[in-house]
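Novice: Questions regarding the structure given below will be posed in turn.
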Amino acid sequence: MRSRVAGVRRRDRHGRGLRGPLAPPQAPLSRTRAERFDDLVADEVRRLGQRWGRELARVEFAVEEVPEVEPWFDGPVPLAQTRPGTAGRPVRIVVFRRPVEARGGGERETSQIVRDVLVEEVADLLGLSPESVDPSYDSPDD
């Protein structure tokens, strides 16, 4: 019979070695869902910036988990929000990760929603139609 020291558990009880990461940290597999979502937003902002760089130079883009809504709010959960600038702060367009991911069935649909939401927010900010901000707005990707 083995003696056990109270409170000590062996992690390697089957002799297979300690478990480590399945992929190296630089591999795309090891990125979290939040990091991949941030990358989607950054890619879309970069794409919009190529066409509207001067107009968007003083606009800050951000990602937050969920929107702050009042408990009595009875409507669809917002996917994004444009917050007006103040004296020392720029206009801020915020994309809410969890509602967007909940509406998207997979990575492709989520990417499409991010694109459409950012185009709509930029169009609203610039006072233009979404189609004039991005001619591919609301069209399926190839």
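Quick note on naming: the chains in the structure tokens go A, B, ... in the order shown, residues restart at 1 in each chain, and ligands are numbered from 1 in order of appearance.
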Using only C-alpha atoms, which residues sit within 9 Å of region 52-62 of chain A once same-chain residues fewer than 2 positions away are excluded, as a PyMOL selection string?
Specialist: chain A and resi 38+41-42+45-50+64+85+90-96+122+126+133
Novice: Just to be explicit: take each residue in the selection above, keep all heavy atoms, and write the result as a compact mmCIF listing (two decimals), in the first residue's frame.
Specialist:
# COMPACT_ATOMS: atom_id res chain seq x y z
N ASP A 38 -10.83 40.17 -32.61
CA ASP A 38 -10.08 41.43 -32.71
C ASP A 38 -9.38 41.53 -34.06
O ASP A 38 -9.35 42.61 -34.66
CB ASP A 38 -9.06 41.54 -31.59
CG ASP A 38 -9.69 41.74 -30.22
OD1 ASP A 38 -10.90 42.04 -30.14
OD2 ASP A 38 -8.96 41.58 -29.22
N VAL A 41 -11.92 42.48 -36.79
CA VAL A 41 -12.24 43.91 -36.74
C VAL A 41 -11.07 44.73 -37.26
O VAL A 41 -11.26 45.66 -38.06
CB VAL A 41 -12.63 44.33 -35.30
CG1 VAL A 41 -12.79 45.83 -35.19
CG2 VAL A 41 -13.91 43.63 -34.88
N ALA A 42 -9.86 44.41 -36.85
CA ALA A 42 -8.68 45.16 -37.31
C ALA A 42 -8.51 45.06 -38.82
O ALA A 42 -8.19 46.06 -39.49
CB ALA A 42 -7.42 44.65 -36.60
N VAL A 45 -11.17 47.29 -40.40
CA VAL A 45 -10.83 48.71 -40.21
C VAL A 45 -9.71 49.09 -41.18
O VAL A 45 -9.75 50.17 -41.79
CB VAL A 45 -10.44 48.99 -38.75
CG1 VAL A 45 -9.79 50.35 -38.59
CG2 VAL A 45 -11.65 48.85 -37.84
N ARG A 46 -8.75 48.23 -41.34
CA ARG A 46 -7.64 48.49 -42.28
C ARG A 46 -8.18 48.60 -43.70
O ARG A 46 -7.78 49.49 -44.46
CB ARG A 46 -6.62 47.35 -42.17
CG ARG A 46 -5.25 47.70 -42.67
CD ARG A 46 -4.22 46.61 -42.38
NE ARG A 46 -4.15 46.22 -40.98
CZ ARG A 46 -4.53 45.03 -40.50
NH1 ARG A 46 -4.98 44.10 -41.29
NH2 ARG A 46 -4.44 44.77 -39.21
N ARG A 47 -9.10 47.73 -44.06
CA ARG A 47 -9.68 47.76 -45.41
C ARG A 47 -10.47 49.05 -45.64
O ARG A 47 -10.33 49.69 -46.68
CB ARG A 47 -10.59 46.54 -45.60
CG ARG A 47 -11.03 46.31 -47.04
CD ARG A 47 -11.95 45.11 -47.13
NE ARG A 47 -13.24 45.35 -46.53
CZ ARG A 47 -14.23 46.04 -47.12
NH1 ARG A 47 -14.07 46.53 -48.32
NH2 ARG A 47 -15.37 46.21 -46.50
N LEU A 48 -11.27 49.44 -44.66
CA LEU A 48 -12.02 50.70 -44.78
C LEU A 48 -11.08 51.90 -44.78
O LEU A 48 -11.33 52.90 -45.46
CB LEU A 48 -13.04 50.83 -43.65
CG LEU A 48 -14.26 49.94 -43.75
CD1 LEU A 48 -15.06 49.98 -42.45
CD2 LEU A 48 -15.12 50.34 -44.93
N GLY A 49 -10.00 51.82 -44.01
CA GLY A 49 -9.04 52.91 -43.95
C GLY A 49 -8.32 53.16 -45.26
O GLY A 49 -7.88 54.27 -45.53
N GLN A 50 -8.20 52.14 -46.10
CA GLN A 50 -7.57 52.32 -47.40
C GLN A 50 -8.38 53.27 -48.27
O GLN A 50 -7.83 54.02 -49.06
CB GLN A 50 -7.39 50.98 -48.11
CG GLN A 50 -6.36 50.10 -47.46
CD GLN A 50 -6.29 48.72 -48.09
OE1 GLN A 50 -7.14 48.34 -48.89
NE2 GLN A 50 -5.28 47.95 -47.70
N GLU A 64 -15.61 45.55 -27.56
CA GLU A 64 -16.02 45.27 -26.19
C GLU A 64 -16.83 43.98 -26.19
O GLU A 64 -17.38 43.59 -27.22
CB GLU A 64 -16.85 46.42 -25.62
CG GLU A 64 -16.05 47.68 -25.38
CD GLU A 64 -16.87 48.80 -24.79
OE1 GLU A 64 -18.04 48.57 -24.40
OE2 GLU A 64 -16.35 49.93 -24.71
N GLY A 85 -17.39 62.03 -29.84
CA GLY A 85 -16.15 62.49 -29.25
C GLY A 85 -16.41 63.63 -28.28
O GLY A 85 -17.43 64.31 -28.35
N PRO A 90 -11.50 61.24 -29.27
CA PRO A 90 -12.06 61.13 -30.63
C PRO A 90 -13.39 60.37 -30.63
O PRO A 90 -13.76 59.74 -29.64
CB PRO A 90 -10.99 60.34 -31.38
CG PRO A 90 -10.34 59.50 -30.32
CD PRO A 90 -10.38 60.34 -29.07
N VAL A 91 -14.07 60.44 -31.75
CA VAL A 91 -15.27 59.62 -31.96
C VAL A 91 -14.83 58.18 -31.87
O VAL A 91 -13.75 57.80 -32.34
CB VAL A 91 -15.89 59.92 -33.34
CG1 VAL A 91 -17.02 58.96 -33.64
CG2 VAL A 91 -16.37 61.36 -33.39
N ARG A 92 -15.68 57.34 -31.27
CA ARG A 92 -15.30 55.94 -31.06
C ARG A 92 -16.39 55.01 -31.58
O ARG A 92 -17.55 55.14 -31.20
CB ARG A 92 -15.10 55.72 -29.57
CG ARG A 92 -14.47 54.43 -29.21
CD ARG A 92 -14.10 54.45 -27.74
NE ARG A 92 -13.12 53.42 -27.53
CZ ARG A 92 -13.08 52.66 -26.45
NH1 ARG A 92 -13.93 52.86 -25.47
NH2 ARG A 92 -12.18 51.73 -26.33
N ILE A 93 -16.00 54.10 -32.47
CA ILE A 93 -16.90 53.07 -32.96
C ILE A 93 -16.55 51.78 -32.24
O ILE A 93 -15.41 51.31 -32.31
CB ILE A 93 -16.80 52.90 -34.48
CG1 ILE A 93 -17.26 54.18 -35.18
CG2 ILE A 93 -17.62 51.71 -34.95
CD1 ILE A 93 -17.13 54.17 -36.68
N VAL A 94 -17.54 51.23 -31.53
CA VAL A 94 -17.32 50.03 -30.72
C VAL A 94 -18.13 48.88 -31.31
O VAL A 94 -19.32 49.02 -31.58
CB VAL A 94 -17.75 50.27 -29.26
CG1 VAL A 94 -17.53 49.02 -28.43
CG2 VAL A 94 -17.02 51.46 -28.67
N VAL A 95 -17.47 47.75 -31.52
CA VAL A 95 -18.13 46.53 -31.98
C VAL A 95 -18.23 45.60 -30.77
O VAL A 95 -17.25 45.42 -30.05
CB VAL A 95 -17.34 45.84 -33.11
CG1 VAL A 95 -18.02 44.57 -33.56
CG2 VAL A 95 -17.15 46.79 -34.28
N PHE A 96 -19.42 45.04 -30.55
CA PHE A 96 -19.64 44.17 -29.41
C PHE A 96 -19.49 42.71 -29.84
O PHE A 96 -20.26 42.20 -30.64
CB PHE A 96 -21.03 44.43 -28.82
CG PHE A 96 -21.20 45.85 -28.36
CD1 PHE A 96 -22.08 46.70 -29.01
CD2 PHE A 96 -20.46 46.35 -27.30
CE1 PHE A 96 -22.23 48.01 -28.61
CE2 PHE A 96 -20.60 47.67 -26.89
CZ PHE A 96 -21.48 48.51 -27.55
N VAL A 122 -19.72 53.44 -40.10
CA VAL A 122 -18.93 54.46 -40.80
C VAL A 122 -19.84 55.28 -41.71
O VAL A 122 -19.72 56.51 -41.78
CB VAL A 122 -17.77 53.81 -41.60
CG1 VAL A 122 -17.13 54.79 -42.56
CG2 VAL A 122 -16.73 53.24 -40.62
N LEU A 126 -20.35 59.29 -41.45
CA LEU A 126 -20.01 60.18 -42.56
C LEU A 126 -21.24 60.77 -43.26
O LEU A 126 -21.11 61.62 -44.14
CB LEU A 126 -19.15 59.44 -43.60
CG LEU A 126 -17.81 58.89 -43.10
CD1 LEU A 126 -17.11 58.12 -44.20
CD2 LEU A 126 -16.93 60.01 -42.56
N VAL A 133 -20.08 53.83 -49.07
CA VAL A 133 -18.89 53.60 -48.25
C VAL A 133 -18.17 52.35 -48.72
O VAL A 133 -16.95 52.33 -48.83
CB VAL A 133 -19.27 53.48 -46.76
CG1 VAL A 133 -18.09 53.00 -45.92
CG2 VAL A 133 -19.78 54.81 -46.23
Novice: Per DSSP on the backbone, what are the strand (DSSP E) residues of region 57-100 of chain A, as a VMD selection string?
Specialist: chain A and resid 59 to 64 80 to 83 91 to 96
Novice: Store the residues of this selection in a file with N, CA and C atoms, as a PDB file, in the first residue's frame.
Specialist:
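Output saved as out15.pdb:
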ATOM      1  N   VAL A  59     -11.012  58.830 -35.898  1.00  0.00           N
ATOM      2  CA  VAL A  59     -11.989  57.886 -35.355  1.00  0.00           C
ATOM      3  C   VAL A  59     -11.229  56.734 -34.714  1.00  0.00           C
ATOM      4  N   GLU A  60     -11.654  56.367 -33.535  1.00  0.00           N
ATOM      5  CA  GLU A  60     -11.043  55.253 -32.815  1.00  0.00           C
ATOM      6  C   GLU A  60     -11.986  54.058 -32.899  1.00  0.00           C
ATOM      7  N   PHE A  61     -11.441  52.892 -33.172  1.00  0.00           N
ATOM      8  CA  PHE A  61     -12.237  51.665 -33.248  1.00  0.00           C
ATOM      9  C   PHE A  61     -11.874  50.786 -32.059  1.00  0.00           C
ATOM     10  N   ALA A  62     -12.887  50.130 -31.484  1.00  0.00           N
ATOM     11  CA  ALA A  62     -12.658  49.284 -30.318  1.00  0.00           C
ATOM     12  C   ALA A  62     -13.590  48.086 -30.346  1.00  0.00           C
ATOM     13  N   VAL A  63     -13.231  47.088 -29.559  1.00  0.00           N
ATOM     14  CA  VAL A  63     -14.064  45.895 -29.377  1.00  0.00           C
ATOM     15  C   VAL A  63     -14.352  45.764 -27.892  1.00  0.00           C
ATOM     16  N   GLU A  64     -15.614  45.550 -27.564  1.00  0.00           N
ATOM     17  CA  GLU A  64     -16.022  45.273 -26.185  1.00  0.00           C
ATOM     18  C   GLU A  64     -16.826  43.982 -26.194  1.00  0.00           C
ATOM     19  N   ALA A  80     -23.088  47.120 -32.574  1.00  0.00           N
ATOM     20  CA  ALA A  80     -22.043  48.146 -32.551  1.00  0.00           C
ATOM     21  C   ALA A  80     -22.672  49.447 -32.098  1.00  0.00           C
ATOM     22  N   GLN A  81     -21.802  50.394 -31.795  1.00  0.00           N
ATOM     23  CA  GLN A  81     -22.276  51.682 -31.325  1.00  0.00           C
ATOM     24  C   GLN A  81     -21.230  52.734 -31.654  1.00  0.00           C
ATOM     25  N   THR A  82     -21.698  53.909 -32.082  1.00  0.00           N
ATOM     26  CA  THR A  82     -20.807  55.040 -32.301  1.00  0.00           C
ATOM     27  C   THR A  82     -20.962  55.988 -31.129  1.00  0.00           C
ATOM     28  N   ARG A  83     -19.859  56.236 -30.438  1.00  0.00           N
ATOM     29  CA  ARG A  83     -19.874  57.128 -29.290  1.00  0.00           C
ATOM     30  C   ARG A  83     -19.265  58.460 -29.710  1.00  0.00           C
ATOM     31  N   VAL A  91     -14.068  60.445 -31.751  1.00  0.00           N
ATOM     32  CA  VAL A  91     -15.267  59.624 -31.958  1.00  0.00           C
ATOM     33  C   VAL A  91     -14.831  58.175 -31.868  1.00  0.00           C
ATOM     34  N   ARG A  92     -15.679  57.339 -31.273  1.00  0.00           N
ATOM     35  CA  ARG A  92     -15.296  55.937 -31.059  1.00  0.00           C
ATOM     36  C   ARG A  92     -16.385  55.014 -31.583  1.00  0.00           C
ATOM     37  N   ILE A  93     -15.997  54.099 -32.465  1.00  0.00           N
ATOM     38  CA  ILE A  93     -16.905  53.071 -32.961  1.00  0.00           C
ATOM     39  C   ILE A  93     -16.553  51.778 -32.240  1.00  0.00           C
ATOM     40  N   VAL A  94     -17.535  51.229 -31.527  1.00  0.00           N
ATOM     41  CA  VAL A  94     -17.319  50.033 -30.721  1.00  0.00           C
ATOM     42  C   VAL A  94     -18.127  48.884 -31.315  1.00  0.00           C
ATOM     43  N   VAL A  95     -17.468  47.753 -31.523  1.00  0.00           N
ATOM     44  CA  VAL A  95     -18.133  46.525 -31.977  1.00  0.00           C
ATOM     45  C   VAL A  95     -18.227  45.605 -30.769  1.00  0.00           C
ATOM     46  N   PHE A  96     -19.416  45.043 -30.555  1.00  0.00           N
ATOM     47  CA  PHE A  96     -19.643  44.169 -29.413  1.00  0.00           C
ATOM     48  C   PHE A  96     -19.491  42.715 -29.843  1.00  0.00           C
TER      49      PHE A  96
END
Novice: Between A:Arg89, A:Glu121, A:Glu68, A:Arg97, which residue has the minimum interatomic distance to Glu35 (chain A), considering only C-alpha atoms?
Specialist: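 Using only C-alpha atoms, Glu35 (chain A) sits closest to A:Arg97.
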Novice: Got a sec: who's within 12 Å of Ser111 (chain A), counting only C-alpha atoms, leaving out chain neighbours fewer than 2 positions off, as a VMD selection string?
Specialist: chain A and resid 36 to 44 97 100 to 101 103 to 109 113 to 118 140 to 141
Novice: Kindly export the residues of the current selection with C-alpha atoms, as a PDB file, in the first residue's frame.
Specialist:
ATOM      1  CA  ARG A  36      -9.447  36.124 -33.601  1.00  0.00           C
ATOM      2  CA  PHE A  37     -12.432  38.490 -33.365  1.00  0.00           C
ATOM      3  CA  ASP A  38     -10.084  41.429 -32.711  1.00  0.00           C
ATOM      4  CA  ASP A  39      -8.174  40.412 -35.835  1.00  0.00           C
ATOM      5  CA  LEU A  40     -11.396  40.390 -37.893  1.00  0.00           C
ATOM      6  CA  VAL A  41     -12.239  43.914 -36.737  1.00  0.00           C
ATOM      7  CA  ALA A  42      -8.679  45.162 -37.309  1.00  0.00           C
ATOM      8  CA  ASP A  43      -8.631  43.707 -40.838  1.00  0.00           C
ATOM      9  CA  GLU A  44     -11.937  45.368 -41.675  1.00  0.00           C
ATOM     10  CA  ARG A  97     -18.073  40.742 -29.734  1.00  0.00           C
ATOM     11  CA  VAL A 100     -21.950  39.494 -33.192  1.00  0.00           C
ATOM     12  CA  GLU A 101     -20.673  35.981 -32.518  1.00  0.00           C
ATOM     13  CA  ARG A 103     -25.659  36.033 -34.632  1.00  0.00           C
ATOM     14  CA  GLY A 104     -22.931  34.521 -36.789  1.00  0.00           C
ATOM     15  CA  GLY A 105     -23.088  30.784 -37.284  1.00  0.00           C
ATOM     16  CA  GLY A 106     -19.396  30.389 -37.961  1.00  0.00           C
ATOM     17  CA  GLU A 107     -16.268  32.343 -38.728  1.00  0.00           C
ATOM     18  CA  ARG A 108     -17.382  33.246 -42.245  1.00  0.00           C
ATOM     19  CA  GLU A 109     -20.771  34.583 -41.118  1.00  0.00           C
ATOM     20  CA  ILE A 113     -21.486  40.631 -39.911  1.00  0.00           C
ATOM     21  CA  VAL A 114     -18.388  42.516 -38.719  1.00  0.00           C
ATOM     22  CA  ARG A 115     -17.921  43.944 -42.206  1.00  0.00           C
ATOM     23  CA  ASP A 116     -21.560  45.007 -42.543  1.00  0.00           C
ATOM     24  CA  VAL A 117     -21.740  46.478 -39.042  1.00  0.00           C
ATOM     25  CA  LEU A 118     -18.578  48.546 -39.485  1.00  0.00           C
ATOM     26  CA  PRO A 140     -22.107  37.704 -50.469  1.00  0.00           C
ATOM     27  CA  ASP A 141     -18.381  37.043 -50.423  1.00  0.00           C
TER      28      ASP A 141
END
Novice: Can you tell me how far CA of Gly75 (chain A) sits from CA of Arg98 (chain A), in Å to one decimal?
Specialist: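 Here the two named atoms are 16.3 Å from each other.
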Novice: If you measure from CA of Ala123 (chain A) to CA of Arg33 (chain A), what distance in Å do you get, rounded to one decimal?
Specialist: 27.5 Å
Novice: Please, what distance in Å, to one decimal, runs between CA of Ala102 (chain A) and CA of Thr32 (chain A)?
Specialist: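 These two atoms are separated by 16.2 Å.
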Novice: Run DSSP on the backbone of this structure and report the residues of region 39-131 of chain A it assigns to alpha helix (DSSP H), as an MDAnalysis selection string.
Specialist: chainID A and resid 39:52 97:103 107:126 130:131
